[in-house]
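final_18.cif (mmCIF, C-alpha atoms; chains and numbers go by the auth columns)
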```cif
data_my_file
#
loop_
_atom_site.group_PDB
_atom_site.id
_atom_site.type_symbol
_atom_site.label_atom_id
_atom_site.label_comp_id
_atom_site.label_asym_id
_atom_site.label_seq_id
_atom_site.Cartn_x
_atom_site.Cartn_y
_atom_site.Cartn_z
_atom_site.B_iso_or_equiv
_atom_site.auth_seq_id
_atom_site.auth_asym_id
ATOM 1 C CA MET A 1 -22.598 -6.015 -10.977 0.00 1 S
ATOM 2 C CA LYS A 2 -24.847 -3.752 -13.018 0.00 2 S
ATOM 3 C CA SER A 3 -27.471 -5.408 -15.114 0.00 3 S
ATOM 4 C CA SER A 4 -29.788 -2.599 -16.023 0.00 4 S
ATOM 5 C CA SER A 5 -29.997 1.149 -16.253 0.00 5 S
ATOM 6 C CA GLU A 6 -32.311 4.047 -16.795 0.00 6 S
ATOM 7 C CA GLY A 7 -32.117 6.061 -19.936 0.00 7 S
ATOM 8 C CA LYS A 8 -33.746 7.056 -23.190 0.00 8 S
ATOM 9 C CA GLY A 9 -35.366 4.832 -25.739 0.00 9 S
ATOM 10 C CA ASN A 10 -35.503 1.171 -24.830 0.00 10 S
ATOM 11 C CA ALA A 11 -32.874 1.244 -22.102 0.00 11 S
ATOM 12 C CA VAL A 12 -33.698 -1.126 -19.288 0.00 12 S
ATOM 13 C CA LYS A 13 -35.152 0.467 -16.198 0.00 13 S
ATOM 14 C CA ASN A 14 -33.645 -0.572 -12.908 0.00 14 S
ATOM 15 C CA ASP A 15 -36.990 -1.695 -11.459 0.00 15 S
ATOM 16 C CA ARG A 16 -36.657 -5.454 -11.745 0.00 16 S
ATOM 17 C CA MET A 17 -34.055 -7.679 -10.159 0.00 17 S
ATOM 18 C CA PRO A 18 -31.938 -9.276 -12.887 0.00 18 S
ATOM 19 C CA CYS A 19 -31.946 -13.037 -13.235 0.00 19 S
ATOM 20 C CA PRO A 20 -28.805 -14.363 -11.517 0.00 20 S
ATOM 21 C CA PHE A 21 -28.565 -17.201 -14.058 0.00 21 S
ATOM 22 C CA LEU A 22 -28.199 -14.898 -17.069 0.00 22 S
ATOM 23 C CA PRO A 23 -25.356 -12.618 -18.187 0.00 23 S
ATOM 24 C CA CYS A 24 -25.266 -9.120 -16.764 0.00 24 S
ATOM 25 C CA LEU A 25 -25.869 -6.204 -19.056 0.00 25 S
ATOM 26 C CA THR A 26 -23.627 -3.199 -19.468 0.00 26 S
ATOM 27 C CA GLU A 27 -24.915 0.019 -17.938 0.00 27 S
ATOM 28 C CA GLY A 28 -27.064 1.829 -20.505 0.00 28 S
ATOM 29 C CA GLU A 29 -27.042 -1.084 -22.928 0.00 29 S
ATOM 30 C CA ILE A 30 -30.000 -1.142 -25.305 0.00 30 S
ATOM 31 C CA LEU A 31 -30.786 -4.410 -27.042 0.00 31 S
ATOM 32 C CA ASP A 32 -33.395 -5.373 -29.610 0.00 32 S
ATOM 33 C CA HIS A 33 -34.200 -8.228 -31.976 0.00 33 S
ATOM 34 C CA HIS A 34 -31.315 -7.217 -34.256 0.00 34 S
ATOM 35 C CA LEU A 35 -28.948 -8.723 -31.687 0.00 35 S
ATOM 36 C CA LEU A 36 -30.175 -12.184 -32.675 0.00 36 S
ATOM 37 C CA GLY A 37 -30.927 -11.333 -36.297 0.00 37 S
ATOM 38 C CA ARG A 38 -27.304 -10.493 -36.988 0.00 38 S
ATOM 39 C CA HIS A 39 -26.466 -14.186 -36.621 0.00 39 S
ATOM 40 C CA GLY A 40 -28.498 -15.112 -39.692 0.00 40 S
ATOM 41 C CA ASP A 41 -29.053 -18.874 -39.749 0.00 41 S
ATOM 42 C CA GLN A 42 -26.197 -19.581 -37.333 0.00 42 S
ATOM 43 C CA ARG A 43 -27.373 -21.025 -34.015 0.00 43 S
ATOM 44 C CA ASP A 44 -23.930 -21.450 -32.488 0.00 44 S
ATOM 45 C CA ALA A 45 -22.284 -20.431 -29.208 0.00 45 S
ATOM 46 C CA ALA A 46 -22.250 -16.728 -30.152 0.00 46 S
ATOM 47 C CA PHE A 47 -25.991 -16.868 -30.858 0.00 47 S
ATOM 48 C CA TYR A 48 -26.519 -18.765 -27.587 0.00 48 S
ATOM 49 C CA PHE A 49 -24.755 -16.093 -25.537 0.00 49 S
ATOM 50 C CA ASP A 50 -26.581 -13.237 -27.282 0.00 50 S
ATOM 51 C CA ALA A 51 -29.944 -14.965 -26.766 0.00 51 S
ATOM 52 C CA LEU A 52 -29.185 -15.237 -23.040 0.00 52 S
ATOM 53 C CA ARG A 53 -28.224 -11.541 -22.928 0.00 53 S
ATOM 54 C CA TYR A 54 -31.375 -10.571 -24.811 0.00 54 S
ATOM 55 C CA GLY A 55 -33.461 -12.680 -22.416 0.00 55 S
ATOM 56 C CA GLN A 56 -31.949 -10.780 -19.483 0.00 56 S
ATOM 57 C CA TYR A 57 -32.664 -7.467 -21.194 0.00 57 S
ATOM 58 C CA LEU A 58 -36.296 -8.393 -21.854 0.00 58 S
ATOM 59 C CA TRP A 59 -36.764 -9.702 -18.307 0.00 59 S
ATOM 60 C CA CYS A 60 -35.375 -6.499 -16.785 0.00 60 S
ATOM 61 C CA ALA A 61 -37.583 -4.443 -19.113 0.00 61 S
ATOM 62 C CA GLY A 62 -40.668 -6.207 -17.744 0.00 62 S
ATOM 63 C CA HIS A 63 -41.315 -8.584 -20.645 0.00 63 S
ATOM 64 C CA ALA A 64 -41.347 -12.005 -18.971 0.00 64 S
ATOM 65 C CA GLY A 65 -42.972 -13.843 -21.877 0.00 65 S
ATOM 66 C CA ARG A 66 -40.579 -12.429 -24.450 0.00 66 S
ATOM 67 C CA ALA A 67 -37.670 -13.168 -22.118 0.00 67 S
ATOM 68 C CA LEU A 68 -38.743 -16.826 -21.973 0.00 68 S
ATOM 69 C CA LEU A 69 -38.859 -16.913 -25.783 0.00 69 S
ATOM 70 C CA ALA A 70 -35.330 -15.512 -26.091 0.00 70 S
ATOM 71 C CA ILE A 71 -33.965 -17.915 -23.485 0.00 71 S
ATOM 72 C CA THR A 72 -35.719 -20.804 -25.214 0.00 72 S
ATOM 73 C CA ARG A 73 -33.978 -19.829 -28.451 0.00 73 S
ATOM 74 C CA ALA A 74 -30.699 -20.168 -26.541 0.00 74 S
ATOM 75 C CA LEU A 75 -31.802 -23.557 -25.199 0.00 75 S
ATOM 76 C CA TYR A 76 -32.439 -24.769 -28.753 0.00 76 S
ATOM 77 C CA ALA A 77 -29.097 -23.466 -30.113 0.00 77 S
ATOM 78 C CA ASP A 78 -26.545 -25.911 -31.464 0.00 78 S
ATOM 79 C CA VAL A 79 -23.797 -25.560 -28.859 0.00 79 S
ATOM 80 C CA ALA A 80 -21.377 -28.441 -28.366 0.00 80 S
ATOM 81 C CA ALA A 81 -21.246 -29.945 -24.883 0.00 81 S
ATOM 82 C CA GLY A 82 -17.633 -28.882 -24.412 0.00 82 S
ATOM 83 C CA ASP A 83 -18.018 -25.324 -25.694 0.00 83 S
ATOM 84 C CA PRO A 84 -16.419 -22.813 -23.288 0.00 84 S
ATOM 85 C CA VAL A 85 -19.586 -20.675 -23.149 0.00 85 S
ATOM 86 C CA LEU A 86 -21.345 -23.506 -21.282 0.00 86 S
ATOM 87 C CA ALA A 87 -18.712 -23.466 -18.543 0.00 87 S
ATOM 88 C CA THR A 88 -19.851 -19.966 -17.601 0.00 88 S
ATOM 89 C CA TRP A 89 -23.434 -20.071 -18.833 0.00 89 S
ATOM 90 C CA PRO A 90 -24.822 -23.629 -18.628 0.00 90 S
ATOM 91 C CA LEU A 91 -27.954 -24.522 -20.548 0.00 91 S
ATOM 92 C CA PRO A 92 -30.582 -22.127 -19.164 0.00 92 S
ATOM 93 C CA TYR A 93 -32.913 -24.418 -17.240 0.00 93 S
ATOM 94 C CA ARG A 94 -32.247 -22.488 -14.026 0.00 94 S
ATOM 95 C CA ALA A 95 -32.827 -19.174 -15.789 0.00 95 S
ATOM 96 C CA LEU A 96 -36.169 -20.386 -17.170 0.00 96 S
ATOM 97 C CA ALA A 97 -37.232 -21.675 -13.763 0.00 97 S
ATOM 98 C CA TRP A 98 -36.115 -18.494 -12.016 0.00 98 S
ATOM 99 C CA ILE A 99 -38.089 -16.231 -14.370 0.00 99 S
ATOM 100 C CA ILE A 100 -41.197 -18.415 -14.219 0.00 100 S
ATOM 101 C CA ARG A 101 -40.950 -18.404 -10.423 0.00 101 S
ATOM 102 C CA HIS A 102 -40.254 -14.660 -10.083 0.00 102 S
ATOM 103 C CA HIS A 103 -42.799 -13.328 -12.571 0.00 103 S
ATOM 104 C CA ASP A 104 -45.382 -11.588 -10.411 0.00 104 S
ATOM 105 C CA SER A 105 -48.479 -13.251 -11.880 0.00 105 S
ATOM 106 C CA ASP A 106 -49.785 -16.083 -14.013 0.00 106 S
ATOM 107 C CA ASP A 107 -50.424 -13.551 -16.757 0.00 107 S
ATOM 108 C CA PHE A 108 -47.806 -14.259 -19.392 0.00 108 S
ATOM 109 C CA PRO A 109 -48.293 -13.126 -22.992 0.00 109 S
ATOM 110 C CA GLY A 110 -48.943 -16.688 -24.020 0.00 110 S
ATOM 111 C CA ASN A 111 -49.198 -19.619 -21.655 0.00 111 S
ATOM 112 C CA PRO A 112 -45.658 -21.059 -21.339 0.00 112 S
ATOM 113 C CA ARG A 113 -46.967 -24.481 -20.293 0.00 113 S
ATOM 114 C CA LEU A 114 -49.073 -24.733 -23.428 0.00 114 S
ATOM 115 C CA SER A 115 -46.328 -23.253 -25.592 0.00 115 S
ATOM 116 C CA TYR A 116 -43.663 -25.746 -24.504 0.00 116 S
ATOM 117 C CA GLN A 117 -46.141 -28.618 -24.713 0.00 117 S
ATOM 118 C CA HIS A 118 -46.999 -27.741 -28.305 0.00 118 S
ATOM 119 C CA GLN A 119 -43.358 -27.132 -29.251 0.00 119 S
ATOM 120 C CA ALA A 120 -42.312 -30.483 -27.806 0.00 120 S
ATOM 121 C CA SER A 121 -44.990 -32.395 -29.656 0.00 121 S
ATOM 122 C CA ARG A 122 -44.429 -30.620 -32.978 0.00 122 S
ATOM 123 C CA LEU A 123 -40.686 -29.955 -33.346 0.00 123 S
ATOM 124 C CA ARG A 124 -39.233 -31.689 -36.384 0.00 124 S
ATOM 125 C CA GLY A 125 -36.306 -31.294 -38.709 0.00 125 S
ATOM 126 C CA GLU A 126 -32.659 -30.738 -37.917 0.00 126 S
ATOM 127 C CA ARG A 127 -31.932 -31.559 -34.274 0.00 127 S
ATOM 128 C CA GLY A 128 -35.656 -32.145 -33.720 0.00 128 S
ATOM 129 C CA GLU A 129 -35.113 -34.802 -31.067 0.00 129 S
ATOM 130 C CA VAL A 130 -32.877 -32.690 -28.849 0.00 130 S
ATOM 131 C CA ARG A 131 -35.064 -29.598 -29.236 0.00 131 S
ATOM 132 C CA ALA A 132 -38.185 -31.635 -28.409 0.00 132 S
ATOM 133 C CA ALA A 133 -36.502 -33.166 -25.352 0.00 133 S
ATOM 134 C CA ARG A 134 -35.520 -29.705 -24.157 0.00 134 S
ATOM 135 C CA ALA A 135 -39.026 -28.354 -24.796 0.00 135 S
ATOM 136 C CA TRP A 136 -40.463 -31.165 -22.651 0.00 136 S
ATOM 137 C CA ALA A 137 -37.894 -30.338 -19.979 0.00 137 S
ATOM 138 C CA ALA A 138 -38.975 -26.669 -20.002 0.00 138 S
ATOM 139 C CA TRP A 139 -42.628 -27.763 -19.961 0.00 139 S
ATOM 140 C CA ALA A 140 -41.997 -29.864 -16.859 0.00 140 S
ATOM 141 C CA LEU A 141 -40.422 -26.884 -15.088 0.00 141 S
ATOM 142 C CA VAL A 142 -43.471 -24.753 -15.852 0.00 142 S
ATOM 143 C CA CYS A 143 -45.789 -27.528 -14.619 0.00 143 S
ATOM 144 C CA HIS A 144 -43.795 -27.791 -11.397 0.00 144 S
ATOM 145 C CA ILE A 145 -43.601 -24.051 -10.702 0.00 145 S
ATOM 146 C CA ARG A 146 -46.992 -22.951 -12.067 0.00 146 S
ATOM 147 C CA PRO A 147 -49.222 -26.051 -11.893 0.00 147 S
ATOM 148 C CA GLN A 148 -52.330 -23.876 -12.202 0.00 148 S
ATOM 149 C CA LEU A 149 -51.517 -22.951 -15.811 0.00 149 S
ATOM 150 C CA PRO A 150 -53.649 -25.073 -18.132 0.00 150 S
ATOM 151 C CA GLY A 151 -52.165 -27.501 -20.606 0.00 151 S
ATOM 152 C CA ASP A 152 -53.615 -29.049 -23.737 0.00 152 S
ATOM 153 C CA PRO A 153 -55.521 -32.168 -22.655 0.00 153 S
ATOM 154 C CA ALA A 154 -55.284 -33.552 -26.203 0.00 154 S
ATOM 155 C CA CYS A 155 -51.489 -33.426 -26.112 0.00 155 S
ATOM 156 C CA PRO A 156 -49.409 -36.195 -24.514 0.00 156 S
ATOM 157 C CA GLU A 157 -47.731 -35.452 -21.192 0.00 157 S
ATOM 158 C CA PRO A 158 -44.622 -37.530 -20.516 0.00 158 S
ATOM 159 C CA SER A 159 -43.418 -38.376 -17.029 0.00 159 S
ATOM 160 C CA LEU A 160 -40.304 -36.781 -15.562 0.00 160 S
ATOM 161 C CA GLU A 161 -38.538 -40.116 -16.044 0.00 161 S
ATOM 162 C CA GLU A 162 -39.441 -40.167 -19.754 0.00 162 S
ATOM 163 C CA ILE A 163 -38.180 -36.597 -20.165 0.00 163 S
ATOM 164 C CA GLN A 164 -34.958 -37.477 -18.376 0.00 164 S
ATOM 165 C CA ALA A 165 -34.512 -40.484 -20.664 0.00 165 S
ATOM 166 C CA GLN A 166 -34.989 -38.250 -23.736 0.00 166 S
ATOM 167 C CA LEU A 167 -32.435 -35.760 -22.428 0.00 167 S
ATOM 168 C CA ASP A 168 -29.994 -38.572 -21.636 0.00 168 S
ATOM 169 C CA ARG A 169 -30.426 -40.009 -25.130 0.00 169 S
ATOM 170 C CA TYR A 170 -30.349 -36.858 -27.267 0.00 170 S
ATOM 171 C CA SER A 171 -28.714 -34.073 -25.254 0.00 171 S
ATOM 172 C CA HIS A 172 -25.426 -33.224 -23.579 0.00 172 S
ATOM 173 C CA PRO A 173 -23.877 -35.483 -20.939 0.00 173 S
ATOM 174 C CA ALA A 174 -25.200 -34.545 -17.480 0.00 174 S
ATOM 175 C CA GLU A 175 -27.832 -32.242 -19.007 0.00 175 S
ATOM 176 C CA SER A 176 -30.634 -34.123 -17.281 0.00 176 S
ATOM 177 C CA ARG A 177 -28.885 -33.546 -13.940 0.00 177 S
ATOM 178 C CA ARG A 178 -28.725 -29.793 -14.585 0.00 178 S
ATOM 179 C CA TRP A 179 -32.390 -29.843 -15.584 0.00 179 S
ATOM 180 C CA ARG A 180 -33.330 -31.655 -12.352 0.00 180 S
ATOM 181 C CA GLU A 181 -31.370 -29.099 -10.316 0.00 181 S
ATOM 182 C CA ALA A 182 -33.504 -26.323 -11.812 0.00 182 S
ATOM 183 C CA PHE A 183 -36.598 -27.627 -10.015 0.00 183 S
ATOM 184 C CA ASP A 184 -35.177 -26.333 -6.752 0.00 184 S
ATOM 185 C CA ALA A 185 -33.439 -23.190 -8.058 0.00 185 S
ATOM 186 C CA GLU A 186 -34.480 -20.032 -6.319 0.00 186 S
#
```

Go ahead and render the structure in this file as structure tokens.
Amino acid sequence: MKSSSEGKGNAVKNDRMPCPFLPCLTEGEILDHHLLGRHGDQRDAAFYFDALRYGQYLWCAGHAGRALLAITRALYADVAAGDPVLATWPLPYRALAWIIRHHDSDDFPGNPRLSYQHQASRLRGERGEVRAARAWAAWALVCHIRPQLPGDPACPEPSLEEIQAQLDRYSHPAESRRWREAFDAE
């Protein structure tokens, strides 16, 4: 199972273990932001899968913060609960947790705890409730794995039970169970 390679340009170097919860990359594959841009405004299953692939690419290239952003874009995509892509690549709570856990320092380009906290409290518009619930779920994972990262004391901090209730109300069936499983993912 090859997930990275050495090569010219932006090819991924084989110096970082790939995330086991994200799709493998093809040997020599070079990805950039155009992979997601080609989808235009569509945030469907194809976008979801490409965002996961791009997250893997960025992670393997040593860009943990950018990888989290790409994976979060997948998390916010509009993929139906029964879509076949989710059978192989479930919503990426385990991938987020794995990357947060395996990043070698607390130095992320941007504090993910603060980022998810602000996203969750500010997301509006189409599918705002589900995206906010998922942002709180990602925030809780960061708090659990990296409790030393500072949050915004002026921003509300829901309990795990409140987050689970939001996921149960707005998200896919059994999504809160998958989220809970990510707390222990290695």

Check: Between S:Leu25, S:Ala182, S:Leu68, S:Ala45, which has the minimum distance to Ala87 in chain S (counting all atoms listed in the file)?
Finding: S:Ala45

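We find CA of Pro109 in chain S and CA of Ala133 in chain S to be spaced 23.4 Å apart.
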
Next item on the list: Run the PyMOL selection byres ((chain S and resi 31) around 10) against the file shown and list the residues it catches, as a PyMOL selection string.
Entry: chain S and resi 10-12+25+28-30+32-36+50+53-58

Notebook entry, point to check: How many Å separate CA of Arg178 in chain S from CA of Gln164 in chain S?
Noted result: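 These atoms are spaced 10.6 Å apart.
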
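Atom pair CA of Phe183 in chain S / CA of Val142 in chain S: separated by 9.5 Å.
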
Next item on the list: Kindly resolve the PyMOL selection byres ((chain S and resi 19-24) around 10) on the present coordinates and return the residues as a PyMOL selection string.
Entry: chain S and resi 1-4+16-18+25-27+49-57+59-60+71+88-99+102+185-186

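Here the question is which of S:Ala61, S:Ala135, S:Ala80, S:Cys143 gets nearest to Ala46 in chain S using all atoms listed in the file, and that residue is S:Ala80.
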
Next item on the list: Go through S:Ala70, S:Leu149, S:Ala138, S:Leu86 one by one, measure the shortest atom-to-atom distance of each to Gln117 in chain S using only C-alpha atoms, and give the residue with the smallest value.
Entry: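 Result for the nearest residue to Gln117 in chain S: S:Ala138.
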